[in-house]
file start.txt (compact mmCIF, C-alpha atoms)
# COMPACT_ATOMS: atom_id res chain seq x y z
CA MET A 2 -75.51 5.30 -30.07
CA SER A 3 -75.03 6.85 -26.65
CA SER A 4 -73.42 4.85 -23.85
CA SER A 5 -74.47 5.40 -20.24
CA ARG A 6 -72.43 4.55 -17.17
CA PHE A 7 -74.17 2.75 -14.34
CA SER A 8 -73.12 2.97 -10.70
CA ALA A 9 -74.26 0.95 -7.72
CA VAL A 10 -73.82 1.08 -3.96
CA ARG A 11 -72.37 -2.05 -2.38
CA VAL A 12 -72.03 -2.77 1.33
CA LEU A 13 -68.68 -4.38 2.18
CA ARG A 14 -67.86 -6.07 5.48
CA LEU A 15 -64.17 -6.46 6.29
CA ARG A 16 -62.30 -7.48 9.43
CA VAL A 17 -59.77 -5.22 11.10
CA LYS A 18 -56.75 -7.06 12.50
CA ASP A 19 -56.89 -7.79 16.20
CA LYS A 20 -53.80 -5.75 17.06
CA HIS A 21 -55.96 -2.61 16.77
CA ALA A 22 -58.71 -3.92 19.08
CA ARG A 23 -57.62 -2.06 22.22
CA TRP A 24 -57.37 1.29 20.42
CA LEU A 25 -60.75 0.83 18.74
CA CYS A 26 -62.35 -0.10 22.08
CA GLY A 27 -61.06 3.18 23.50
CA LEU A 28 -62.71 5.11 20.66
CA ALA A 29 -65.92 3.11 21.16
CA ARG A 30 -66.04 4.28 24.79
CA GLU A 31 -65.74 7.87 23.59
CA VAL A 32 -68.61 7.24 21.16
CA ASN A 33 -70.73 6.02 24.08
CA THR A 34 -69.88 9.19 26.01
CA VAL A 35 -71.00 11.46 23.16
CA PHE A 36 -74.14 9.38 22.52
CA ASN A 37 -75.17 9.46 26.19
CA TYR A 38 -74.52 13.22 26.34
CA CYS A 39 -76.85 13.75 23.38
CA ASN A 40 -79.41 11.51 25.06
CA GLU A 41 -79.33 13.49 28.31
CA LEU A 42 -79.32 16.87 26.53
CA SER A 43 -82.28 15.89 24.37
CA VAL A 44 -84.35 14.97 27.44
CA LYS A 45 -83.53 18.24 29.22
CA VAL A 46 -84.42 20.36 26.16
CA PHE A 47 -87.69 18.49 25.75
CA GLU A 48 -88.63 19.01 29.41
CA ARG A 49 -87.84 22.71 29.19
CA GLU A 50 -88.98 23.66 25.67
CA ARG A 51 -91.17 20.68 24.63
CA ARG A 52 -89.23 20.14 21.42
CA PHE A 53 -86.68 17.66 20.16
CA LEU A 54 -83.20 18.50 18.88
CA SER A 55 -82.16 17.55 15.38
CA GLY A 56 -78.70 16.34 14.49
CA PHE A 57 -77.73 19.87 13.45
CA ASP A 58 -79.06 21.37 16.71
CA PHE A 59 -76.62 19.27 18.77
CA TRP A 60 -73.53 20.76 17.16
CA PRO A 61 -73.36 24.08 19.12
CA PHE A 62 -73.24 21.99 22.31
CA LEU A 63 -70.51 19.68 20.96
CA LYS A 64 -68.06 22.30 19.70
CA GLY A 65 -64.62 21.96 21.21
CA VAL A 66 -64.88 18.31 22.30
CA THR A 67 -61.94 17.42 20.01
CA ARG A 68 -59.71 20.28 21.25
CA GLY A 69 -58.01 21.05 24.54
CA ASP A 70 -56.44 19.02 27.31
CA CYS A 71 -59.43 16.69 27.69
CA ALA A 72 -60.11 16.38 23.96
CA LEU A 73 -61.58 13.24 22.45
CA ASP A 74 -59.54 11.23 19.96
CA LEU A 75 -62.55 11.00 17.66
CA PRO A 76 -62.55 13.12 14.48
CA VAL A 77 -64.96 16.06 14.40
CA GLN A 78 -66.93 14.45 11.60
CA ALA A 79 -67.43 11.30 13.68
CA VAL A 80 -68.85 13.38 16.55
CA GLN A 81 -71.28 15.02 14.13
CA GLU A 82 -72.30 11.61 12.78
CA ILE A 83 -73.00 10.33 16.32
CA ALA A 84 -75.35 13.25 16.99
CA GLU A 85 -77.13 12.75 13.66
CA GLU A 86 -77.45 9.02 14.25
CA TYR A 87 -78.92 9.66 17.70
CA ALA A 88 -81.53 12.00 16.22
CA ARG A 89 -82.43 9.42 13.56
CA ARG A 90 -82.82 6.64 16.11
CA ARG A 91 -84.96 8.79 18.40
CA ARG A 92 -87.31 9.66 15.53
CA GLN A 93 -87.42 6.05 14.41
CA HIS A 94 -88.37 4.66 17.83
CA ARG A 95 -90.55 7.66 18.75
CA LYS A 96 -89.16 7.92 22.26
CA ILE A 97 -88.21 10.85 24.45
CA ARG A 98 -85.12 9.05 25.71
CA LEU A 99 -83.17 6.14 24.24
CA ALA A 100 -81.35 3.45 26.21
CA TRP A 101 -77.94 4.44 27.52
CA ARG A 102 -74.90 2.98 25.81
CA ARG A 103 -72.89 1.04 28.41
CA SER A 104 -69.11 0.80 28.20
CA GLY A 105 -68.70 -1.94 30.82
CA GLY A 106 -70.47 -4.68 32.70
CA ALA A 107 -72.24 -7.84 31.60
CA ARG A 108 -74.73 -5.90 29.46
CA ARG A 109 -72.32 -3.50 27.83
CA SER A 110 -73.04 -2.10 24.40
CA LEU A 111 -71.07 -3.53 21.50
CA GLY A 112 -68.45 -1.20 20.09
CA TRP A 113 -69.67 1.14 17.35
CA ILE A 114 -67.65 3.93 15.69
CA PRO A 115 -69.27 5.76 12.74
CA PHE A 116 -67.25 7.61 10.10
CA LYS A 117 -67.97 9.83 7.13
CA VAL A 118 -66.40 9.72 3.71
CA ARG A 119 -64.00 12.58 4.50
CA THR A 120 -62.51 10.88 7.56
CA VAL A 121 -61.20 7.66 5.97
CA ARG A 122 -58.90 6.80 3.09
CA TYR A 123 -57.48 3.54 1.81
CA ARG A 124 -53.96 2.73 0.71
CA GLY A 125 -51.94 -0.47 0.43
CA GLY A 126 -54.22 -2.79 2.39
CA GLN A 127 -54.73 -0.26 5.20
CA ILE A 128 -57.36 2.30 6.06
CA TYR A 129 -56.52 5.64 7.68
CA PHE A 130 -58.83 6.82 10.46
CA ALA A 131 -58.37 9.22 13.39
CA GLY A 132 -54.65 9.65 12.81
CA ARG A 133 -53.81 5.95 12.61
CA TRP A 134 -53.39 3.37 9.85
CA LEU A 135 -55.47 0.24 10.49
CA SER A 136 -54.54 -3.07 8.86
CA LEU A 137 -57.38 -4.96 7.20
CA TRP A 138 -58.07 -8.40 5.87
CA ASP A 139 -58.88 -6.95 2.45
CA SER A 140 -60.76 -9.73 0.68
CA TYR A 141 -62.57 -7.39 -1.74
CA GLY A 142 -59.77 -5.14 -2.97
CA LEU A 143 -60.88 -1.76 -1.66
CA SER A 144 -58.70 0.07 -4.18
CA ARG A 145 -61.35 -0.77 -6.80
CA PHE A 146 -64.12 0.97 -4.85
CA GLU A 147 -64.96 4.54 -3.93
CA LEU A 148 -65.34 4.59 -0.16
CA ARG A 149 -68.40 6.20 1.38
CA ALA A 150 -69.73 6.48 4.95
CA GLY A 151 -69.63 3.47 7.23
CA ASN A 152 -68.75 2.33 10.73
CA PHE A 153 -66.52 0.07 12.79
CA SER A 154 -68.71 -2.49 14.59
CA GLU A 155 -67.73 -5.03 17.21
CA ASP A 156 -68.71 -8.58 16.34
CA SER A 157 -71.11 -10.07 18.87
CA ARG A 158 -70.33 -13.62 17.86
CA GLY A 159 -67.63 -15.68 19.54
CA ARG A 160 -64.60 -17.52 18.22
CA VAL A 161 -64.05 -21.24 18.41
CA GLY A 162 -61.16 -23.63 17.93
CA ILE A 163 -61.94 -27.17 16.73
CA ASP A 164 -59.83 -30.28 17.25
CA LEU A 165 -60.84 -33.16 14.97
CA GLY A 166 -60.43 -36.78 15.99
CA LEU A 167 -61.65 -40.34 15.49
CA SER A 168 -63.21 -41.37 18.82
CA THR A 169 -64.33 -37.76 19.43
CA PHE A 170 -65.23 -36.22 16.10
CA ALA A 171 -64.83 -32.63 17.30
CA ALA A 172 -63.75 -31.02 20.56
CA PHE A 173 -64.31 -27.28 21.00
CA SER A 174 -62.54 -24.52 22.89
CA ASP A 175 -65.94 -23.09 23.89
CA GLN A 176 -67.10 -24.66 27.14
CA ALA A 177 -70.72 -24.20 26.08
CA LEU A 178 -70.16 -26.69 23.25
CA PRO A 179 -69.76 -30.27 24.50
CA PRO A 180 -67.47 -32.61 22.53
CA ILE A 181 -69.22 -34.49 19.75
CA GLU A 182 -68.61 -38.20 19.59
CA ALA A 183 -67.81 -39.71 16.22
CA GLU A 184 -70.77 -41.20 14.37
CA ARG A 185 -70.53 -44.72 12.90
CA PHE A 186 -72.24 -44.03 9.60
CA TYR A 187 -70.58 -46.85 7.66
CA ARG A 188 -69.93 -49.32 10.46
CA ASP A 189 -73.56 -49.30 11.66
CA LEU A 190 -74.82 -50.42 8.26
CA GLU A 191 -71.80 -52.51 7.30
CA PRO A 192 -73.38 -55.89 8.23
CA LEU A 193 -76.54 -55.06 6.26
CA LEU A 194 -74.45 -53.91 3.31
CA ALA A 195 -72.35 -57.10 3.40
CA ARG A 196 -75.45 -59.31 3.26
CA ALA A 197 -76.83 -57.37 0.31
CA GLN A 198 -73.53 -57.60 -1.55
CA ARG A 199 -73.18 -61.35 -0.91
CA ALA A 200 -76.70 -61.86 -2.22
CA ARG A 201 -75.80 -59.71 -5.25
CA HIS A 202 -78.69 -57.32 -4.65
CA ARG A 203 -77.21 -54.35 -6.46
CA HIS A 204 -80.19 -52.06 -6.03
CA ARG A 205 -80.28 -52.79 -2.33
CA SER A 206 -76.53 -52.16 -2.04
CA ARG A 207 -76.90 -48.81 -3.80
CA ALA A 208 -79.74 -47.82 -1.48
CA ILE A 209 -77.63 -48.63 1.59
CA HIS A 210 -74.67 -46.67 0.23
CA ALA A 211 -77.01 -43.72 -0.45
CA LYS A 212 -78.37 -43.94 3.09
CA ILE A 213 -74.84 -43.86 4.52
CA ALA A 214 -73.94 -40.84 2.41
CA ASN A 215 -77.16 -39.00 3.29
CA ARG A 216 -76.72 -39.59 7.04
CA ARG A 217 -73.15 -38.35 6.84
CA LYS A 218 -74.09 -35.21 4.87
CA ASP A 219 -76.99 -34.45 7.21
CA PHE A 220 -74.71 -34.64 10.25
CA LEU A 221 -72.00 -32.46 8.69
CA HIS A 222 -74.41 -29.84 7.35
CA LYS A 223 -76.23 -29.42 10.67
CA LEU A 224 -73.00 -29.15 12.67
CA SER A 225 -71.23 -26.77 10.28
CA THR A 226 -74.29 -24.51 9.97
CA ARG A 227 -74.64 -24.29 13.75
CA LEU A 228 -70.98 -23.35 14.18
CA VAL A 229 -71.12 -20.68 11.47
CA LYS A 230 -74.28 -19.09 12.87
CA THR A 231 -72.94 -18.79 16.42
CA ASN A 232 -69.33 -17.72 15.79
CA GLY A 233 -67.53 -14.85 14.10
CA ALA A 234 -64.32 -16.82 13.56
CA VAL A 235 -63.75 -20.57 13.20
CA PHE A 236 -60.31 -22.19 13.44
CA VAL A 237 -59.73 -25.88 12.76
CA GLY A 238 -56.61 -28.01 12.88
CA ASN A 239 -55.00 -29.08 9.62
CA VAL A 240 -55.03 -32.81 10.35
CA ASN A 241 -53.73 -34.74 7.31
CA ALA A 242 -56.70 -36.95 6.41
CA SER A 243 -55.20 -38.26 3.15
CA ALA A 244 -52.10 -39.56 4.93
CA LEU A 245 -54.08 -41.24 7.71
CA ALA A 246 -56.35 -42.84 5.09
CA LYS A 247 -53.36 -44.95 4.00
CA THR A 248 -52.93 -46.52 7.45
CA ARG A 249 -54.85 -49.17 9.39
CA LEU A 250 -57.25 -46.42 10.49
CA ALA A 251 -58.43 -45.88 6.92
CA LYS A 252 -62.02 -47.01 7.46
CA SER A 253 -62.52 -44.77 10.49
CA VAL A 254 -60.78 -41.81 8.83
CA LEU A 255 -62.88 -42.05 5.69
CA ASP A 256 -66.04 -42.44 7.77
CA ALA A 257 -65.18 -39.27 9.73
CA VAL A 258 -64.86 -37.18 6.50
CA TRP A 259 -62.77 -34.41 8.04
CA SER A 260 -62.00 -32.90 4.63
CA ALA A 261 -65.69 -32.61 3.71
CA PHE A 262 -66.41 -30.98 7.08
CA ARG A 263 -63.66 -28.40 6.58
CA THR A 264 -64.87 -27.71 3.04
CA MET A 265 -68.39 -27.04 4.33
CA LEU A 266 -67.04 -24.70 6.98
CA LEU A 267 -64.98 -22.89 4.36
CA TYR A 268 -67.78 -22.02 1.94
CA LYS A 269 -70.40 -21.41 4.63
CA CYS A 270 -68.08 -19.04 6.50
CA ASP A 271 -67.30 -17.25 3.25
CA ASP A 272 -71.00 -16.80 2.52
CA ALA A 273 -71.84 -15.63 6.06
CA GLY A 274 -68.88 -13.27 6.44
CA VAL A 275 -67.26 -15.43 9.14
CA TRP A 276 -63.47 -15.71 9.34
CA PHE A 277 -62.25 -19.28 8.70
CA ALA A 278 -58.70 -20.63 8.83
CA GLU A 279 -56.90 -23.94 9.07
CA VAL A 280 -54.01 -23.62 11.51
CA ASP A 281 -51.02 -25.81 12.23
CA GLU A 282 -51.98 -28.24 15.00
CA ALA A 283 -48.44 -29.49 15.59
CA PHE A 284 -47.81 -30.06 19.32
CA SER A 285 -51.35 -28.88 20.13
CA THR A 286 -51.92 -32.01 22.25
CA ARG A 287 -48.64 -31.77 24.16
CA THR A 288 -48.65 -28.02 24.77
CA CYS A 289 -50.35 -26.77 27.93
CA SER A 290 -52.94 -24.15 26.96
CA VAL A 291 -52.37 -22.32 30.27
CA CYS A 292 -48.57 -21.93 30.55
CA ASN A 293 -47.60 -22.90 26.97
CA SER A 294 -45.12 -25.57 28.10
CA ARG A 295 -44.82 -28.91 26.28
CA ALA A 296 -45.48 -31.15 29.24
CA GLY A 297 -48.27 -33.34 27.84
CA PRO A 298 -48.36 -36.93 26.59
CA GLN A 299 -46.38 -37.67 23.45
CA GLY A 300 -45.84 -40.50 21.00
CA ARG A 301 -47.91 -43.57 20.21
CA LYS A 302 -47.41 -45.03 23.67
CA ASP A 303 -49.42 -42.18 25.22
CA LEU A 304 -52.33 -42.17 22.77
CA GLY A 305 -54.55 -43.81 25.36
CA ILE A 306 -54.06 -40.94 27.83
CA ARG A 307 -57.15 -38.75 27.42
CA GLY A 308 -56.55 -36.51 30.44
CA TRP A 309 -53.33 -35.19 31.93
CA GLN A 310 -51.93 -32.65 34.40
CA CYS A 311 -49.27 -30.13 33.50
CA THR A 312 -46.09 -30.64 35.54
CA VAL A 313 -45.27 -26.91 35.33
CA CYS A 314 -48.49 -25.09 36.28
CA GLU A 315 -50.41 -28.17 37.54
CA ALA A 316 -53.41 -27.38 35.34
CA VAL A 317 -55.62 -30.39 34.52
CA HIS A 318 -56.53 -30.85 30.84
CA ASP A 319 -58.70 -32.97 28.67
CA ARG A 320 -56.53 -34.04 25.75
CA ASN A 321 -58.90 -32.94 22.96
CA VAL A 322 -60.21 -29.78 24.62
CA ASN A 323 -56.66 -28.64 25.38
CA ALA A 324 -55.77 -29.11 21.71
CA ALA A 325 -58.83 -27.04 20.72
CA HIS A 326 -57.69 -24.22 23.03
CA ASN A 327 -54.23 -24.25 21.41
CA ILE A 328 -55.78 -24.19 17.93
CA LEU A 329 -57.87 -21.16 18.96
CA ALA A 330 -54.74 -19.43 20.30
CA ALA A 331 -52.93 -20.09 17.00
CA GLY A 332 -55.90 -18.60 15.13
CA HIS A 333 -55.81 -15.51 17.33
CA ARG A 334 -52.13 -15.04 16.56
CA ARG A 335 -52.93 -15.24 12.85
CA LEU A 336 -55.65 -12.57 13.15
CA ALA A 337 -53.35 -10.27 15.11
CA GLU A 338 -50.12 -10.74 13.17
CA GLY A 339 -51.38 -11.50 9.68
CA ILE A 340 -49.58 -14.82 9.23
CA LEU A 341 -49.88 -15.99 5.66
CA GLY A 342 -48.77 -19.57 6.17
CA PRO A 343 -50.12 -22.09 8.69
call {"tool": "encode", "arguments": {"input": "start.txt", "output": "structure tokens"}}
result
Amino acid sequence: MSSSRFSAVRVLRLRVKDKHARWLCGLAREVNTVFNYCNELSVKVFERERRFLSGFDFWPFLKGVTRGDCALDLPVQAVQEIAEEYARRRRQHRKIRLAWRRSGGARRSLGWIPFKVRTVRYRGGQIYFAGRWLSLWDSYGLSRFELRAGNFSEDSRGRVGIDLGLSTFAAFSDQALPPIEAERFYRDLEPLLARAQRARHRHRSRAIHAKIANRRKDFLHKLSTRLVKTNGAVFVGNVNASALAKTRLAKSVLDAVWSAFRTMLLYKCDDAGVWFAEVDEAFSTRTCSVCNSRAGPQGRKDLGIRGWQCTVCEAVHDRNVNAAHNILAAGHRRLAEGILGP
């Protein structure tokens, strides 16, 4: 019997740590410069000779861009790939001139840096590109794969910090997302459930319990799906639901189902390629999200204070929204520094 070896191509999406963002943005601006040069050159050649340049035809005009005093930091192979990609896009859209890539302004182009197989290599959780080692969140184990061509792409989705509570179920760091008030899934149907239980209508009691569970799941699924679709990173506070369930607030805590909500965010983010992390929310309510001073309300006596003003920088905060901003800042530090623990 003869054995054959099968191979397959798999597309992997990994996140580069935020500490390299500024350097990568600089390379992305150089990519835009090369792309726009190819765009302008292609139009001029077409007007003069009535023909289009291929990716190979661009190279005589691009020689020397990576050498000299004004050299680009991009590898030579990346410059070649930009020209080839421009030619492919122009043929695909059947246009004489493509849209310019903008490096600034409200309608700037998202960062894009192509690379070929010869320009990258992987070792010890890092990838080497353009003379620099870039740290990755390696969730696939790249050492098991043979790297091919790819690109660095800027994520267009935002990042959000979430503060969970009882009166307000979730407050967000994104101003476009209004706070969501806590639903009363169990308490709304509690009188009806009590009457059914006193009358010993077991089937009716089961139906009411099922209705409560279905309403709760519907609410959590819709909210978690919306957050995952609109964000590239989600950070939520690690509020201890099991400990609070042993206090007088047990009914409200169990009705809020924070743990189920975080579980839904976890597996939906994993499936969609969105970064998810639970961060330490200690002092997130007291700490000013502007000047980072602990000047906010503290202790049980100040639980009723929902808005406060920082005595240091005089910034005015909503208690829950300020906590969401601090949770987002803690998540950013984790992305940049690679913190393993909360």
call {"tool": "residues_around", "arguments": {"input": "start.txt", "residues": "A:Asp175", "least_positions_apart": "4", "cutoff": "9 Å", "atoms": "only C-alpha atoms", "output": "compact mmCIF listing (two decimals) with C-alpha atoms, keeping the file's coordinate frame"}}
result
# COMPACT_ATOMS: atom_id res chain seq x y z
CA GLY A 159 -67.63 -15.68 19.54
CA ARG A 160 -64.60 -17.52 18.22
CA VAL A 161 -64.05 -21.24 18.41
CA GLY A 162 -61.16 -23.63 17.93
CA PRO A 179 -69.76 -30.27 24.50
CA VAL A 322 -60.21 -29.78 24.62
CA ALA A 325 -58.83 -27.04 20.72
CA HIS A 326 -57.69 -24.22 23.03
call {"tool": "residues_near_point", "arguments": {"input": "start.txt", "point": "(-66.2, 0.8, 18.0)", "cutoff": "6 Å", "atoms": "all atoms listed in the file", "output": "PyMOL selection string"}}
result
chain A and resi 25-26+29+112-114+153-154
call {"tool": "atom_distance", "arguments": {"input": "start.txt", "atom1": "atom CA of A:Val280", "atom2": "atom CA of A:Lys230"}}
result
20.8 Å
call {"tool": "residues_around", "arguments": {"input": "start.txt", "residues": "A:Arg263", "least_positions_apart": "2", "cutoff": "10 Å", "atoms": "only C-alpha atoms", "output": "VMD selection string"}}
result
chain A and resid 221 225 236 to 239 258 to 261 265 to 269 277 to 279
call {"tool": "residues_around", "arguments": {"input": "start.txt", "residues": "A:Gly142", "least_positions_apart": "6", "cutoff": "12 Å", "atoms": "all atoms listed in the file", "output": "PyMOL selection string"}}
result
chain A and resi 13-15+123-128+148
call {"tool": "residues_around", "arguments": {"input": "start.txt", "residues": "A:Asn232", "least_positions_apart": "5", "cutoff": "10 Å", "atoms": "only C-alpha atoms", "output": "PyMOL selection string"}}
result
chain A and resi 156-161+227+270+275-276
call {"tool": "residues_around", "arguments": {"input": "start.txt", "residues": "A:Arg98", "least_positions_apart": "2", "cutoff": "8 Å", "atoms": "all atoms listed in the file", "output": "MDAnalysis selection string"}}
result
chainID A and resid 40:41 43:44 91 96 100
call {"tool": "axis_aligned_box", "arguments": {"input": "start.txt", "around": "stretch 249-252 of chain A", "padding_each_side": "5 Å", "output": "AutoDock Vina command-line options"}}
result
--center_x -58.4 --center_y -47.5 --center_z 8.7 --size_x 17.2 --size_y 13.3 --size_z 13.6
call {"tool": "atom_distance", "arguments": {"input": "start.txt", "atom1": "atom CA of A:Lys18", "atom2": "atom CA of A:Ser136"}}
result
5.8 Å
call {"tool": "decode", "arguments": {"input": "start.txt", "residues": "stretch 186-264 of chain A", "atoms": "C-alpha atoms", "output": "compact mmCIF listing (two decimals), in the first residue's frame"}}
result
# COMPACT_ATOMS: atom_id res chain seq x y z
CA PHE A 186 -36.91 38.66 34.06
CA TYR A 187 -37.76 36.79 37.26
CA ARG A 188 -39.33 39.57 39.30
CA ASP A 189 -41.83 40.50 36.56
CA LEU A 190 -43.28 36.99 36.51
CA GLU A 191 -42.73 36.21 40.18
CA PRO A 192 -46.35 36.94 41.26
CA LEU A 193 -47.72 34.77 38.45
CA LEU A 194 -45.28 32.00 39.33
CA ALA A 195 -46.23 32.18 43.03
CA ARG A 196 -49.93 31.76 42.23
CA ALA A 197 -49.22 28.75 40.02
CA GLN A 198 -47.06 27.14 42.69
CA ARG A 199 -49.64 27.72 45.45
CA ALA A 200 -52.29 26.14 43.24
CA ARG A 201 -49.89 23.24 42.58
CA HIS A 202 -50.10 23.68 38.81
CA ARG A 203 -46.80 22.05 37.97
CA HIS A 204 -47.13 22.31 34.22
CA ARG A 205 -47.98 25.98 34.50
CA SER A 206 -45.01 26.56 36.83
CA ARG A 207 -42.67 24.85 34.37
CA ALA A 208 -44.00 26.97 31.51
CA ILE A 209 -43.40 30.18 33.50
CA HIS A 210 -39.87 29.08 34.42
CA ALA A 211 -39.21 28.30 30.73
CA LYS A 212 -40.53 31.73 29.73
CA ILE A 213 -38.19 33.42 32.23
CA ALA A 214 -35.21 31.44 30.94
CA ASN A 215 -36.07 32.12 27.29
CA ARG A 216 -36.47 35.88 27.87
CA ARG A 217 -33.15 35.98 29.67
CA LYS A 218 -31.32 34.02 26.94
CA ASP A 219 -32.86 36.15 24.20
CA PHE A 220 -31.67 39.34 25.89
CA LEU A 221 -28.14 38.04 26.48
CA HIS A 222 -27.73 36.58 22.99
CA LYS A 223 -28.86 39.77 21.23
CA LEU A 224 -26.63 42.01 23.36
CA SER A 225 -23.53 39.82 23.16
CA THR A 226 -23.89 39.33 19.40
CA ARG A 227 -24.21 43.08 18.83
CA LEU A 228 -21.10 43.80 20.89
CA VAL A 229 -19.03 41.14 19.09
CA LYS A 230 -20.07 42.35 15.63
CA THR A 231 -19.19 46.00 16.28
CA ASN A 232 -15.93 45.66 18.25
CA GLY A 233 -12.50 44.17 17.71
CA ALA A 234 -11.76 43.82 21.43
CA VAL A 235 -14.12 43.42 24.39
CA PHE A 236 -13.03 43.88 28.01
CA VAL A 237 -15.32 43.16 30.95
CA GLY A 238 -14.82 43.47 34.69
CA ASN A 239 -14.30 40.31 36.72
CA VAL A 240 -17.13 40.94 39.18
CA ASN A 241 -17.49 37.97 41.56
CA ALA A 242 -21.05 36.80 40.89
CA SER A 243 -20.79 33.63 43.01
CA ALA A 244 -19.79 35.61 46.10
CA LEU A 245 -22.55 38.19 45.66
CA ALA A 246 -25.08 35.37 45.17
CA LYS A 247 -24.56 34.46 48.84
CA THR A 248 -25.66 37.90 50.08
CA ARG A 249 -29.04 39.63 50.37
CA LEU A 250 -28.69 40.61 46.71
CA ALA A 251 -28.84 36.97 45.61
CA LYS A 252 -32.12 37.23 43.69
CA SER A 253 -31.00 40.26 41.70
CA VAL A 254 -27.54 38.80 41.06
CA LEU A 255 -28.91 35.50 39.79
CA ASP A 256 -31.46 37.33 37.64
CA ALA A 257 -28.67 39.43 36.07
CA VAL A 258 -26.70 36.28 35.03
CA TRP A 259 -23.35 38.03 34.63
CA SER A 260 -21.49 34.72 34.32
CA ALA A 261 -23.69 33.54 31.44
CA PHE A 262 -23.19 36.88 29.68
CA ARG A 263 -19.40 36.65 29.99
CA THR A 264 -19.48 33.05 28.77
